[in-house]
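Enquirer: My structure is stored as upload-v7.cif, with mmCIF, C-alpha atoms.
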data_protein
loop_
_atom_site.group_PDB
_atom_site.id
_atom_site.type_symbol
_atom_site.label_atom_id
_atom_site.label_comp_id
_atom_site.auth_asym_id
_atom_site.auth_seq_id
_atom_site.Cartn_x
_atom_site.Cartn_y
_atom_site.Cartn_z
ATOM 1 C CA MET A 1 311.253 67.272 309.090
ATOM 2 C CA GLN A 2 310.672 63.822 310.601
ATOM 3 C CA ALA A 3 313.877 64.135 312.633
ATOM 4 C CA ASP A 4 312.732 67.559 313.874
ATOM 5 C CA ASN A 5 309.445 66.083 315.025
ATOM 6 C CA HIS A 6 311.248 63.246 316.777
ATOM 7 C CA VAL A 7 313.422 65.732 318.720
ATOM 8 C CA LYS A 8 310.356 67.837 319.630
ATOM 9 C CA ASN A 9 308.408 64.760 320.746
ATOM 10 C CA SER A 10 311.315 63.518 322.846
ATOM 11 C CA LEU A 11 311.693 66.933 324.482
ATOM 12 C CA ARG A 12 307.948 67.149 325.173
ATOM 13 C CA LYS A 13 308.001 63.667 326.698
ATOM 14 C CA THR A 14 311.007 64.514 328.883
ATOM 15 C CA ILE A 15 309.399 67.740 330.129
ATOM 16 C CA LYS A 16 306.170 65.857 330.892
ATOM 17 C CA THR A 17 308.081 63.222 332.879
ATOM 18 C CA PHE A 18 309.928 65.960 334.735
ATOM 19 C CA ILE A 19 306.759 67.850 335.635
ATOM 20 C CA ASN A 20 305.457 64.636 337.190
ATOM 21 C CA VAL A 21 308.680 64.014 339.093
ATOM 22 C CA VAL A 22 309.328 67.504 340.469
ATOM 23 C CA PRO A 23 306.532 67.641 343.128
ATOM 24 C CA ILE A 24 307.415 64.137 344.345
ATOM 25 C CA MET A 25 311.092 64.975 344.529
ATOM 26 C CA VAL A 26 310.622 68.336 346.255
ATOM 27 C CA GLY A 27 308.154 66.714 348.682
ATOM 28 C CA MET A 28 310.605 63.925 349.454
ATOM 29 C CA LEU A 29 313.511 66.290 350.010
ATOM 30 C CA LEU A 30 311.344 68.420 352.318
ATOM 31 C CA LEU A 31 310.300 65.304 354.249
ATOM 32 C CA THR A 32 313.893 64.071 354.474
ATOM 33 C CA SER A 33 315.051 67.460 355.760
ATOM 34 C CA LEU A 34 312.327 67.363 358.385
ATOM 35 C CA VAL A 35 313.235 63.828 359.569
ATOM 36 C CA ILE A 36 316.953 64.588 359.722
ATOM 37 C CA THR A 37 316.553 67.805 361.727
ATOM 38 C CA VAL A 38 313.766 66.667 364.055
ATOM 39 C CA PHE A 39 315.353 63.298 364.923
ATOM 40 C CA PRO A 40 319.030 63.966 365.614
ATOM 41 C CA GLU A 41 321.705 61.332 365.042
ATOM 42 C CA GLN A 42 322.600 61.093 368.723
ATOM 43 C CA ILE A 43 319.382 59.127 369.377
ATOM 44 C CA SER A 44 320.787 56.112 367.550
ATOM 45 C CA ALA A 45 324.048 55.885 369.519
ATOM 46 C CA GLY A 46 322.372 55.006 372.829
ATOM 47 C CA LEU A 47 320.176 52.250 371.375
ATOM 48 C CA PHE A 48 322.772 49.584 370.530
ATOM 49 C CA GLY A 49 324.453 46.948 372.697
ATOM 50 C CA ASN A 50 321.761 44.236 372.726
ATOM 51 C CA GLY A 51 323.667 41.448 370.957
ATOM 52 C CA ASP A 52 324.567 40.871 367.296
ATOM 53 C CA ILE A 53 321.113 39.956 366.022
ATOM 54 C CA LEU A 54 319.141 42.759 367.687
ATOM 55 C CA ASP A 55 321.836 45.321 366.904
ATOM 56 C CA THR A 56 321.913 44.246 363.252
ATOM 57 C CA LEU A 57 318.125 44.497 363.032
ATOM 58 C CA LEU A 58 318.265 47.913 364.656
ATOM 59 C CA GLY A 59 321.049 49.079 362.314
ATOM 60 C CA ALA A 60 319.054 47.857 359.312
ATOM 61 C CA SER A 61 315.922 49.591 360.615
ATOM 62 C CA ILE A 62 317.687 52.924 361.171
ATOM 63 C CA GLY A 63 319.223 52.720 357.688
ATOM 64 C CA SER A 64 315.802 51.930 356.197
ATOM 65 C CA ILE A 65 314.142 54.941 357.808
ATOM 66 C CA ALA A 66 317.024 57.340 357.330
ATOM 67 C CA ALA A 67 317.418 59.129 354.057
ATOM 68 C CA GLY A 68 320.029 61.359 352.611
ATOM 69 C CA HIS A 69 323.398 61.204 350.952
ATOM 70 C CA PRO A 70 325.200 57.848 351.409
ATOM 71 C CA LEU A 71 328.164 59.838 352.624
ATOM 72 C CA VAL A 72 326.164 60.585 355.796
ATOM 73 C CA SER A 73 325.772 56.831 356.385
ATOM 74 C CA TYR A 74 329.558 56.390 356.173
ATOM 75 C CA LEU A 75 330.078 59.234 358.637
ATOM 76 C CA LEU A 76 327.417 57.915 361.015
ATOM 77 C CA GLY A 77 328.717 54.336 360.589
ATOM 78 C CA GLY A 78 332.240 55.506 361.379
ATOM 79 C CA GLU A 79 331.018 57.380 364.467
ATOM 80 C CA LEU A 80 329.019 54.357 365.665
ATOM 81 C CA LEU A 81 332.010 52.033 365.162
ATOM 82 C CA GLY A 82 334.118 54.483 367.150
ATOM 83 C CA SER A 83 331.578 54.485 369.976
ATOM 84 C CA GLY A 84 331.690 50.688 370.217
ATOM 85 C CA VAL A 85 328.778 49.580 368.004
ATOM 86 C CA GLY A 86 329.567 46.328 366.150
ATOM 87 C CA LEU A 87 330.506 46.086 362.473
ATOM 88 C CA LEU A 88 327.438 43.891 361.805
ATOM 89 C CA ALA A 89 325.017 46.633 362.843
ATOM 90 C CA VAL A 90 327.001 49.327 361.059
ATOM 91 C CA THR A 91 327.135 47.289 357.833
ATOM 92 C CA ALA A 92 323.388 46.659 357.964
ATOM 93 C CA LEU A 93 322.842 50.400 358.462
ATOM 94 C CA VAL A 94 325.134 51.402 355.577
ATOM 95 C CA VAL A 95 323.544 48.884 353.179
ATOM 96 C CA THR A 96 319.891 49.638 354.013
ATOM 97 C CA TRP A 97 320.610 53.380 353.896
ATOM 98 C CA VAL A 98 320.885 53.092 350.109
ATOM 99 C CA THR A 99 318.895 49.960 349.280
ATOM 100 C CA VAL A 100 315.795 50.374 351.483
ATOM 101 C CA GLY A 101 313.796 53.590 351.520
ATOM 102 C CA ILE A 102 310.823 53.885 353.833
ATOM 103 C CA VAL A 103 310.776 57.649 353.320
ATOM 104 C CA GLN A 104 311.055 57.210 349.539
ATOM 105 C CA LEU A 105 308.475 54.410 349.455
ATOM 106 C CA PRO A 106 305.530 56.653 348.423
ATOM 107 C CA ALA A 107 307.548 58.022 345.498
ATOM 108 C CA GLU A 108 308.743 54.562 344.453
ATOM 109 C CA ALA A 109 305.183 53.241 344.665
ATOM 110 C CA LEU A 110 303.826 56.163 342.657
ATOM 111 C CA MET A 111 306.328 55.657 339.866
ATOM 112 C CA LEU A 112 307.066 51.927 339.827
ATOM 113 C CA GLY A 113 303.899 50.501 341.370
ATOM 114 C CA THR A 114 302.986 49.696 344.974
ATOM 115 C CA ARG A 115 303.477 45.926 344.713
ATOM 116 C CA PHE A 116 306.942 46.258 343.184
ATOM 117 C CA ALA A 117 307.991 48.935 345.700
ATOM 118 C CA VAL A 118 306.799 46.999 348.766
ATOM 119 C CA TYR A 119 308.341 43.677 347.672
ATOM 120 C CA ARG A 120 311.594 45.355 346.685
ATOM 121 C CA ASN A 121 311.965 47.097 350.049
ATOM 122 C CA ILE A 122 311.123 43.991 352.091
ATOM 123 C CA ILE A 123 313.568 41.815 350.138
ATOM 124 C CA SER A 124 316.254 44.511 350.245
ATOM 125 C CA PHE A 125 315.909 44.680 354.046
ATOM 126 C CA ILE A 126 316.353 40.907 354.408
ATOM 127 C CA VAL A 127 319.221 40.859 351.915
ATOM 128 C CA ALA A 128 320.983 43.710 353.761
ATOM 129 C CA ILE A 129 321.046 41.626 356.949
ATOM 130 C CA ALA A 130 322.412 38.636 355.021
ATOM 131 C CA ILE A 131 325.080 40.849 353.441
ATOM 132 C CA ALA A 132 326.054 42.254 356.853
ATOM 133 C CA PHE A 133 326.629 38.758 358.297
ATOM 134 C CA LEU A 134 328.380 37.473 355.157
ATOM 135 C CA THR A 135 330.692 40.485 354.924
ATOM 136 C CA VAL A 136 331.695 40.457 358.564
ATOM 137 C CA TYR A 137 332.245 36.669 358.652
ATOM 138 C CA THR A 138 334.036 36.577 355.278
ATOM 139 C CA LEU A 139 336.745 39.016 356.358
ATOM 140 C CA PRO A 140 338.420 36.751 358.957
ATOM 141 C CA PHE A 141 337.755 33.707 356.754
ATOM 142 C CA ILE A 142 339.918 35.108 353.945
ATOM 143 C CA GLY A 143 342.442 36.465 356.418
ATOM 144 C CA LEU A 144 341.701 40.144 355.759
ATOM 145 C CA SER A 145 340.299 41.155 359.115
ATOM 146 C CA MET B 1 300.161 44.093 334.558
ATOM 147 C CA PRO B 2 298.785 46.959 336.611
ATOM 148 C CA ASP B 3 302.258 47.963 337.790
ATOM 149 C CA LYS B 4 303.307 48.923 334.283
ATOM 150 C CA LYS B 5 301.839 52.397 334.287
ATOM 151 C CA ILE B 6 303.554 55.523 335.497
ATOM 152 C CA LYS B 7 301.144 56.938 337.997
ATOM 153 C CA SER B 8 301.446 60.645 337.602
ATOM 154 C CA GLY B 9 299.694 63.959 337.749
ATOM 155 C CA ARG B 10 297.713 64.676 340.903
ATOM 156 C CA GLY B 11 299.343 62.063 343.187
ATOM 157 C CA GLY B 12 302.665 63.884 343.292
ATOM 158 C CA TRP B 13 301.100 67.320 343.854
ATOM 159 C CA LEU B 14 298.848 65.930 346.575
ATOM 160 C CA PHE B 15 301.871 64.416 348.279
ATOM 161 C CA LEU B 16 303.736 67.740 348.109
ATOM 162 C CA ALA B 17 300.679 69.520 349.529
ATOM 163 C CA LEU B 18 300.553 67.058 352.463
ATOM 164 C CA VAL B 19 304.240 67.608 353.224
ATOM 165 C CA LEU B 20 303.728 71.387 353.103
ATOM 166 C CA ILE B 21 300.773 71.035 355.493
ATOM 167 C CA ALA B 22 303.039 69.011 357.839
ATOM 168 C CA TYR B 23 305.581 71.836 357.668
ATOM 169 C CA GLY B 24 302.844 74.380 358.370
ATOM 170 C CA LEU B 25 301.682 72.432 361.434
ATOM 171 C CA LEU B 26 305.237 71.975 362.709
ATOM 172 C CA GLY B 27 305.811 75.689 362.126
ATOM 173 C CA LEU B 28 303.001 76.456 364.549
ATOM 174 C CA VAL B 29 304.340 74.080 367.221
ATOM 175 C CA ASN B 30 308.099 74.420 366.732
ATOM 176 C CA PRO B 31 309.144 77.302 364.462
ATOM 177 C CA SER B 32 312.893 76.843 365.034
ATOM 178 C CA ALA B 33 312.814 73.152 363.930
ATOM 179 C CA THR B 34 310.856 74.173 360.826
ATOM 180 C CA SER B 35 313.356 76.895 360.029
ATOM 181 C CA GLN B 36 316.249 74.406 360.517
ATOM 182 C CA SER B 37 314.540 71.899 358.214
ATOM 183 C CA LEU B 38 314.017 74.537 355.535
ATOM 184 C CA THR B 39 317.662 75.618 355.750
ATOM 185 C CA PHE B 40 318.721 71.978 355.351
ATOM 186 C CA PHE B 41 316.311 71.596 352.423
ATOM 187 C CA THR B 42 317.768 74.676 350.681
ATOM 188 C CA HIS B 43 321.273 73.288 351.134
ATOM 189 C CA VAL B 44 320.275 69.892 349.690
ATOM 190 C CA MET B 45 318.430 71.533 346.767
ATOM 191 C CA HIS B 46 321.598 73.440 345.852
ATOM 192 C CA GLN B 47 323.447 70.129 345.637
ATOM 193 C CA VAL B 48 320.662 68.382 343.769
ATOM 194 C CA LEU B 49 319.916 70.979 341.071
ATOM 195 C CA PRO B 50 323.020 70.354 338.902
ATOM 196 C CA ILE B 51 322.382 66.602 339.123
ATOM 197 C CA LEU B 52 318.776 67.184 338.073
ATOM 198 C CA GLY B 53 320.069 68.981 334.997
ATOM 199 C CA LEU B 54 322.190 65.944 334.179
ATOM 200 C CA VAL B 55 319.240 63.620 334.700
ATOM 201 C CA PHE B 56 317.040 65.792 332.460
ATOM 202 C CA LEU B 57 319.689 65.513 329.753
ATOM 203 C CA LEU B 58 319.957 61.734 330.207
ATOM 204 C CA LEU B 59 316.173 61.376 330.083
ATOM 205 C CA PHE B 60 316.058 63.458 326.920
ATOM 206 C CA ILE B 61 318.813 61.376 325.308
ATOM 207 C CA ALA B 62 317.033 58.189 326.396
ATOM 208 C CA ASN B 63 313.775 59.403 324.830
ATOM 209 C CA LEU B 64 315.620 60.494 321.713
ATOM 210 C CA VAL B 65 317.826 57.471 321.171
ATOM 211 C CA LEU B 66 316.294 54.503 322.946
ATOM 212 C CA LYS B 67 313.774 52.526 320.987
ATOM 213 C CA PRO B 68 311.479 49.955 322.619
ATOM 214 C CA LYS B 69 313.122 47.362 320.383
ATOM 215 C CA TRP B 70 316.564 48.252 321.759
ATOM 216 C CA ILE B 71 315.340 48.179 325.373
ATOM 217 C CA LYS B 72 313.711 44.813 324.785
ATOM 218 C CA ARG B 73 316.990 43.525 323.372
ATOM 219 C CA TYR B 74 319.270 44.777 326.177
ATOM 220 C CA LEU B 75 316.962 45.008 329.194
ATOM 221 C CA GLY B 76 313.891 42.990 328.211
ATOM 222 C CA SER B 77 312.938 39.389 328.910
ATOM 223 C CA ASP B 78 315.297 38.054 326.232
ATOM 224 C CA SER B 79 318.230 40.290 327.118
ATOM 225 C CA GLY B 80 320.152 37.476 328.841
ATOM 226 C CA ILE B 81 323.491 38.160 330.497
ATOM 227 C CA LYS B 82 323.871 41.543 328.723
ATOM 228 C CA GLY B 83 320.793 42.831 330.531
ATOM 229 C CA TRP B 84 322.084 41.867 333.971
ATOM 230 C CA VAL B 85 325.480 43.437 333.300
ATOM 231 C CA ALA B 86 323.841 46.616 331.909
ATOM 232 C CA ALA B 87 321.554 46.913 334.966
ATOM 233 C CA VAL B 88 324.406 46.405 337.476
ATOM 234 C CA LEU B 89 326.691 48.893 335.708
ATOM 235 C CA GLY B 90 323.842 51.370 335.223
ATOM 236 C CA GLY B 91 323.005 51.264 338.941
ATOM 237 C CA MET B 92 326.644 51.656 339.949
ATOM 238 C CA LEU B 93 327.106 54.640 337.655
ATOM 239 C CA SER B 94 323.791 56.372 338.431
ATOM 240 C CA LEU B 95 324.342 59.621 340.304
ATOM 241 C CA GLY B 96 322.340 61.769 342.691
ATOM 242 C CA PRO B 97 319.033 61.258 344.465
ATOM 243 C CA ILE B 98 316.915 58.261 343.644
ATOM 244 C CA TYR B 99 313.697 60.068 342.610
ATOM 245 C CA PRO B 100 314.604 61.033 339.036
ATOM 246 C CA TRP B 101 315.878 57.494 338.484
ATOM 247 C CA TYR B 102 312.482 56.072 339.494
ATOM 248 C CA ALA B 103 310.983 58.154 336.693
ATOM 249 C CA MET B 104 313.568 56.978 334.204
ATOM 250 C CA LEU B 105 313.105 53.315 335.177
ATOM 251 C CA ALA B 106 309.322 53.666 334.924
ATOM 252 C CA GLU B 107 309.808 55.095 331.435
ATOM 253 C CA LEU B 108 312.156 52.237 330.485
ATOM 254 C CA ARG B 109 309.674 49.701 331.847
ATOM 255 C CA LEU B 110 307.013 51.097 329.538
ATOM 256 C CA LYS B 111 309.483 50.416 326.746
ATOM 257 C CA GLY B 112 309.965 46.803 327.884
ATOM 258 C CA MET B 113 312.518 46.733 330.721
ATOM 259 C CA ARG B 114 312.148 43.732 333.061
ATOM 260 C CA ASN B 115 311.161 44.168 336.724
ATOM 261 C CA ALA B 116 314.176 42.042 337.724
ATOM 262 C CA LEU B 117 316.558 44.430 336.005
ATOM 263 C CA ILE B 118 314.867 47.472 337.584
ATOM 264 C CA ALA B 119 315.418 45.866 340.995
ATOM 265 C CA VAL B 120 319.043 45.054 340.094
ATOM 266 C CA PHE B 121 319.612 48.646 338.991
ATOM 267 C CA LEU B 122 318.165 50.018 342.246
ATOM 268 C CA TYR B 123 320.131 47.610 344.455
ATOM 269 C CA SER B 124 323.474 48.055 342.706
ATOM 270 C CA ARG B 125 323.188 51.795 343.394
ATOM 271 C CA ALA B 126 324.559 50.810 346.816
ATOM 272 C CA VAL B 127 327.957 50.439 345.137
ATOM 273 C CA LYS B 128 328.862 54.109 344.822
ATOM 274 C CA LEU B 129 331.939 54.273 342.615
ATOM 275 C CA PRO B 130 332.733 57.950 343.319
ATOM 276 C CA LEU B 131 332.415 57.321 347.081
ATOM 277 C CA LEU B 132 334.584 54.198 347.221
ATOM 278 C CA PRO B 133 337.676 56.138 348.379
ATOM 279 C CA LEU B 134 335.626 57.492 351.292
ATOM 280 C CA MET B 135 334.304 54.076 352.194
ATOM 281 C CA ILE B 136 337.856 52.716 352.146
ATOM 282 C CA HIS B 137 338.899 55.628 354.366
ATOM 283 C CA TYR B 138 336.225 54.811 356.980
ATOM 284 C CA PHE B 139 336.081 51.002 356.827
ATOM 285 C CA GLY B 140 339.246 49.795 355.072
ATOM 286 C CA ALA B 141 339.953 48.400 351.601
ATOM 287 C CA ALA B 142 339.313 44.740 352.459
ATOM 288 C CA TYR B 143 335.906 45.488 353.968
ATOM 289 C CA THR B 144 334.928 47.696 351.009
ATOM 290 C CA LEU B 145 335.997 45.052 348.501
ATOM 291 C CA VAL B 146 334.089 42.240 350.226
ATOM 292 C CA LEU B 147 330.974 44.389 350.788
ATOM 293 C CA CYS B 148 330.867 45.534 347.151
ATOM 294 C CA PHE B 149 331.290 41.953 345.957
ATOM 295 C CA TYR B 150 328.276 40.823 348.006
ATOM 296 C CA LEU B 151 326.237 43.879 346.996
ATOM 297 C CA ILE B 152 326.665 43.026 343.315
ATOM 298 C CA ILE B 153 325.921 39.307 343.793
ATOM 299 C CA PHE B 154 322.847 40.030 345.927
ATOM 300 C CA SER B 155 321.575 42.723 343.578
ATOM 301 C CA ILE B 156 321.146 39.979 340.986
ATOM 302 C CA ILE B 157 319.635 37.503 343.458
ATOM 303 C CA SER B 158 317.143 40.094 344.748
ATOM 304 C CA GLY B 159 316.235 40.999 341.160
ATOM 305 C CA ILE B 160 315.363 37.389 340.402
ATOM 306 C CA VAL B 161 313.331 37.010 343.608
ATOM 307 C CA ILE B 162 311.429 40.289 343.167
ATOM 308 C CA GLU B 163 310.503 39.456 339.586
ATOM 309 C CA LYS B 164 309.241 36.023 340.619
ATOM 310 C CA MET B 165 307.198 37.549 343.452
ATOM 311 C CA THR B 166 305.655 40.335 341.344
ATOM 312 C CA LEU B 167 304.810 37.872 338.559
ATOM 313 C CA LYS B 168 303.327 35.399 341.026
ATOM 314 C CA SER B 169 301.093 37.948 342.738
ATOM 315 C CA ALA B 170 300.070 39.481 339.404
ATOM 316 C CA GLY B 171 299.330 36.173 337.793
#
Re-express the file's structure as structure tokens.
Expert:
Amino acid sequence: MQADNHVKNSLRKTIKTFINVVPIMVGMLLLTSLVITVFPEQISAGLFGNGDILDTLLGASIGSIAAGHPLVSYLLGGELLGSGVGLLAVTALVVTWVTVGIVQLPAEALMLGTRFAVYRNIISFIVAIAIAFLTVYTLPFIGLS
Amino acid sequence: MPDKKIKSGRGGWLFLALVLIAYGLLGLVNPSATSQSLTFFTHVMHQVLPILGLVFLLLFIANLVLKPKWIKRYLGSDSGIKGWVAAVLGGMLSLGPIYPWYAMLAELRLKGMRNALIAVFLYSRAVKLPLLPLMIHYFGAAYTLVLCFYLIIFSIISGIVIEKMTLKSAG
């Protein structure tokens, strides 16, 4: 009887959580779809070529604004590398694509708190730039580039 | 700790309503872009739905099995090294879009999960185990290995920093 109640309570709690999440998730996916179709990828390709630091900042910024499956960031990163954009900028883009979410920020703030969400995104942006530099400069250092 | 509550209910519906209004306005100005966006959305929803089912199941299991005492032990302030390892592995293994995971982490925080470990979980999601072969294909094995190493190390560092900052500004 007690076990039955526990299962029912857990199910009720899960459904309640889900009902809260669904409008945020649907809204976010709609917003992401809008951003991806209205601002085509080609815009980014013509913006690079202003030195390592500016390109890395730009890559990190594009990754922060962009949303979608990480696979897209690999494809875009690969295309950008092919068109002559540096590995630093591409790495910053790939890392921020998953770790920073400007588009997801309202949802993160709603569920985990505004202060936490804002701090986490700012720190993740800075860390992504550090990771880009460390990764690119570590490769030749350990003889793997 | 004002951040410890899951803000729910009207906020999410209001947000959805605003996005729908934006779509309505764009529909008036540029119907073809709106139609393209909706097609893209339908495609993404098809991919997301099975993952949502999995997340629902995981949430249900978490509600059924996880006790606040257990969370405190493995992911709470006294969890020690086990907590960090659990958060990194959890983030690496978490699938699908981020939104359902926010809900799950908010739920776990109510049960005692540390802010640092939430941040670690979210950052280590950048290491996508199922996508590693693709990353290697595009950028090479050495690059992938080095990048993943730094992502894991910095997920922990950012967790520590974020917790210190949230505590400082709350306190």
Enquirer: Which value, in Å to one decimal, gives the distance between atom CA of Ile81 of chain B and atom CA of Asn115 of chain B?
Expert: 15.1 Å
Enquirer: Find the residues near Gly78 of chain A: any atom within 12 Å, counting all atoms listed in the file, skip ones fewer than 5 places away on the same chain, and give them as JSON, numbers by chain.
Expert: {"A": [45, 71, 72, 73, 83, 84, 85, 86, 87, 89, 90, 91, 93, 94], "B": [134, 135, 136, 137, 138, 139, 140]}
Enquirer: Tell me which protein, DNA and RNA residues are within 10 Å of Phe60 of chain B, counting all atoms listed in the file, leaving out same-chain ones fewer than 2 positions away, and put them as a PDB file with C-alpha atoms, in the coordinates of the input.
Expert:
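For reference, part25.pdb as written:
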ATOM      1  CA  VAL A   7     313.422  65.732 318.720  1.00  0.00           C
ATOM      2  CA  ASN A   9     308.408  64.760 320.746  1.00  0.00           C
ATOM      3  CA  SER A  10     311.315  63.518 322.846  1.00  0.00           C
ATOM      4  CA  LEU A  11     311.693  66.933 324.482  1.00  0.00           C
ATOM      5  CA  ARG A  12     307.948  67.149 325.173  1.00  0.00           C
ATOM      6  CA  LYS A  13     308.001  63.667 326.698  1.00  0.00           C
ATOM      7  CA  THR A  14     311.007  64.514 328.883  1.00  0.00           C
ATOM      8  CA  ILE A  15     309.399  67.740 330.129  1.00  0.00           C
ATOM      9  CA  THR A  17     308.081  63.222 332.879  1.00  0.00           C
TER      10      THR A  17
ATOM     11  CA  LEU B  54     322.190  65.944 334.179  1.00  0.00           C
ATOM     12  CA  VAL B  55     319.240  63.620 334.700  1.00  0.00           C
ATOM     13  CA  PHE B  56     317.040  65.792 332.460  1.00  0.00           C
ATOM     14  CA  LEU B  57     319.689  65.513 329.753  1.00  0.00           C
ATOM     15  CA  LEU B  58     319.957  61.734 330.207  1.00  0.00           C
ATOM     16  CA  ALA B  62     317.033  58.189 326.396  1.00  0.00           C
ATOM     17  CA  ASN B  63     313.775  59.403 324.830  1.00  0.00           C
ATOM     18  CA  LEU B  64     315.620  60.494 321.713  1.00  0.00           C
ATOM     19  CA  VAL B  65     317.826  57.471 321.171  1.00  0.00           C
ATOM     20  CA  LEU B  66     316.294  54.503 322.946  1.00  0.00           C
TER      21      LEU B  66
END
Enquirer: Would you work out the distance separating atom CA of Val88 of chain B from atom CA of Ile162 of chain B, expressed in Å to one decimal?
Expert: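 These atoms are spaced 15.4 Å apart.
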Enquirer: Return as JSON, numbers by chain the residues belonging to chain A that are within 6 Å of chain B, counting only C-alpha atoms.
Expert: {"A": [10, 14, 20, 23, 24, 25, 27, 30, 33, 34, 37, 78, 98, 99, 110, 111, 112, 113, 135]}
Enquirer: What gap, in Å, lies between atom CA of Phe121 of chain B and atom CA of Ala128 of chain A?
Expert: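 Result for atom CA of Phe121 of chain B versus atom CA of Ala128 of chain A: 15.6 Å, one decimal.
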Enquirer: Give as a list in words the set of residues within 10 Å of the point (311.4, 58.8, 352.1), where distances use the file's coordinates and all atoms listed in the file.
Expert: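 Output of the proximity query reads Met25, Gly27, Met28, Leu29, Leu30, Leu31, Thr32, Val35, Ser64, Ile65, Ala66, Ala67, Gly68, Val100, Gly101, Ile102, Val103, Gln104, Leu105, Pro106, Ala107 and Glu108 of chain A; Tyr99 of chain B.
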Enquirer: Write out the residues from the selection above, keeping C-alpha atoms, as a JSON list (two decimals), in the coordinates of the input.
Expert:
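The new file again-v8.json reads:
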[["chain", "number", "residue", "atom", "x", "y", "z"],
["A", 25, "MET", "CA", 311.09, 64.97, 344.53],
["A", 27, "GLY", "CA", 308.15, 66.71, 348.68],
["A", 28, "MET", "CA", 310.60, 63.92, 349.45],
["A", 29, "LEU", "CA", 313.51, 66.29, 350.01],
["A", 30, "LEU", "CA", 311.34, 68.42, 352.32],
["A", 31, "LEU", "CA", 310.30, 65.30, 354.25],
["A", 32, "THR", "CA", 313.89, 64.07, 354.47],
["A", 35, "VAL", "CA", 313.24, 63.83, 359.57],
["A", 64, "SER", "CA", 315.80, 51.93, 356.20],
["A", 65, "ILE", "CA", 314.14, 54.94, 357.81],
["A", 66, "ALA", "CA", 317.02, 57.34, 357.33],
["A", 67, "ALA", "CA", 317.42, 59.13, 354.06],
["A", 68, "GLY", "CA", 320.03, 61.36, 352.61],
["A", 100, "VAL", "CA", 315.80, 50.37, 351.48],
["A", 101, "GLY", "CA", 313.80, 53.59, 351.52],
["A", 102, "ILE", "CA", 310.82, 53.88, 353.83],
["A", 103, "VAL", "CA", 310.78, 57.65, 353.32],
["A", 104, "GLN", "CA", 311.06, 57.21, 349.54],
["A", 105, "LEU", "CA", 308.48, 54.41, 349.46],
["A", 106, "PRO", "CA", 305.53, 56.65, 348.42],
["A", 107, "ALA", "CA", 307.55, 58.02, 345.50],
["A", 108, "GLU", "CA", 308.74, 54.56, 344.45],
["B", 99, "TYR", "CA", 313.70, 60.07, 342.61]]
Enquirer: Determine the residue membership of the PyMOL selection byres ((chain A and resi 60) around 6) for the file above and supply it as a VMD selection string.
Expert: chain A and resid 57 to 59 61 to 63 92 to 93 96
Enquirer: Please dump the current selection as a short mmCIF file (atom, residue, chain, number, x, y, z; two decimals), keeping the file's coordinate frame; keep C-alpha atoms.
Expert:
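File written: selection_26.cif
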data_model
loop_
_atom_site.label_atom_id
_atom_site.label_comp_id
_atom_site.auth_asym_id
_atom_site.auth_seq_id
_atom_site.Cartn_x
_atom_site.Cartn_y
_atom_site.Cartn_z
CA LEU A 57 318.12 44.50 363.03
CA LEU A 58 318.26 47.91 364.66
CA GLY A 59 321.05 49.08 362.31
CA SER A 61 315.92 49.59 360.62
CA ILE A 62 317.69 52.92 361.17
CA GLY A 63 319.22 52.72 357.69
CA ALA A 92 323.39 46.66 357.96
CA LEU A 93 322.84 50.40 358.46
CA THR A 96 319.89 49.64 354.01
#
Enquirer: A:Val26, A:Leu80, A:Leu134, A:Ile129: which is nearest Val95 of chain A, counting only C-alpha atoms?
Expert: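 Ranked by minimum distance to Val95 of chain A, first place goes to A:Ile129.
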